[in-house]
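The block underneath contains the structure these notes are about, expressed in structure tokens.
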Amino acid sequence: MLFASQALRPFRGLRFRLALSYVLFFAALLITLGYVFRTTLRSIQQSQAEANLENDWGAVKGYLRVGYLGPDWFYDLQDPDEAYTVERLRHVYFLTMPRGIR
């Protein structure tokens with residue numbers, strides 16, 4: 001019994017209690033800050049993704065015309081910016097027929 005009480009002796013001191021309290025405090029602080037930053041980052045990314053989707057959808061509505069024969073893309077082939085934008089949107093937003101045939 002004497003050996004067990006001597007082995008636990010360093011854990012009863014003021015230094016150990018202070019160190020343990022600091023470790024627990026900073027662990028709780030870091031967990032809380034991590035959770036706050038995670039939720040903030042998630043909301044920022046969500047709003048940016050929605051804004052990008054709204055912008056792309058506006059561009060699709062500007063370049064895509066649906067007529068009697070089906071959808072068709074109208075853009076200036078000589079304009080590299082416009083051609084790049086339309087090709088990027090065509091790869092992301094592809095349209096299918098009712099039976100799934102492209």
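Quick note on naming: the chains in the structure tokens go A, B, ... in the order shown, residues restart at 1 in each chain, and ligands are numbered from 1 in order of appearance.
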
When DSSP is applied to the backbone of this structure, which of stretch 4-99 of chain A are assigned helix (DSSP H, G or I)? Write them out as a PyMOL selection string. chain A and resi 4-7+9-12+14-63+80-92

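The space between atom CA of A:Gln46 and atom CA of A:Gly34 spans 18.0 Å.
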
Hey, what's within 10 Å of A:Asp76 if we count only C-alpha atoms and toss same-chain stuff fewer than 6 positions away? As a PyMOL selection string, please? chain A and resi 63+82-83+86

Hey, can you check how far atom CA of A:Gly62 sits from atom CA of A:Phe74? 8.5 Å

May I ask for the distance between atom CA of A:Asp79 and atom CA of A:Ala59, given in Å to one decimal place?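 Atom-to-atom, atom CA of A:Asp79 to atom CA of A:Ala59, that is 15.2 Å.
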
Give me the residues within 8 Å of A:Asp56 as JSON, numbers by chain, counting only C-alpha atoms and dropping any in the same chain fewer than 4 places off. {"A": [52, 60, 89]}

Prev. selection, C-alpha atoms, output as a PDB file, in the first residue's frame:
```pdb
ATOM      1  CA  ASN A  52     -21.697  30.652 -58.561  1.00  0.00           C
ATOM      2  CA  VAL A  60     -27.075  29.348 -69.416  1.00  0.00           C
ATOM      3  CA  LEU A  89     -21.312  25.437 -69.143  1.00  0.00           C
TER       4      LEU A  89
END
```
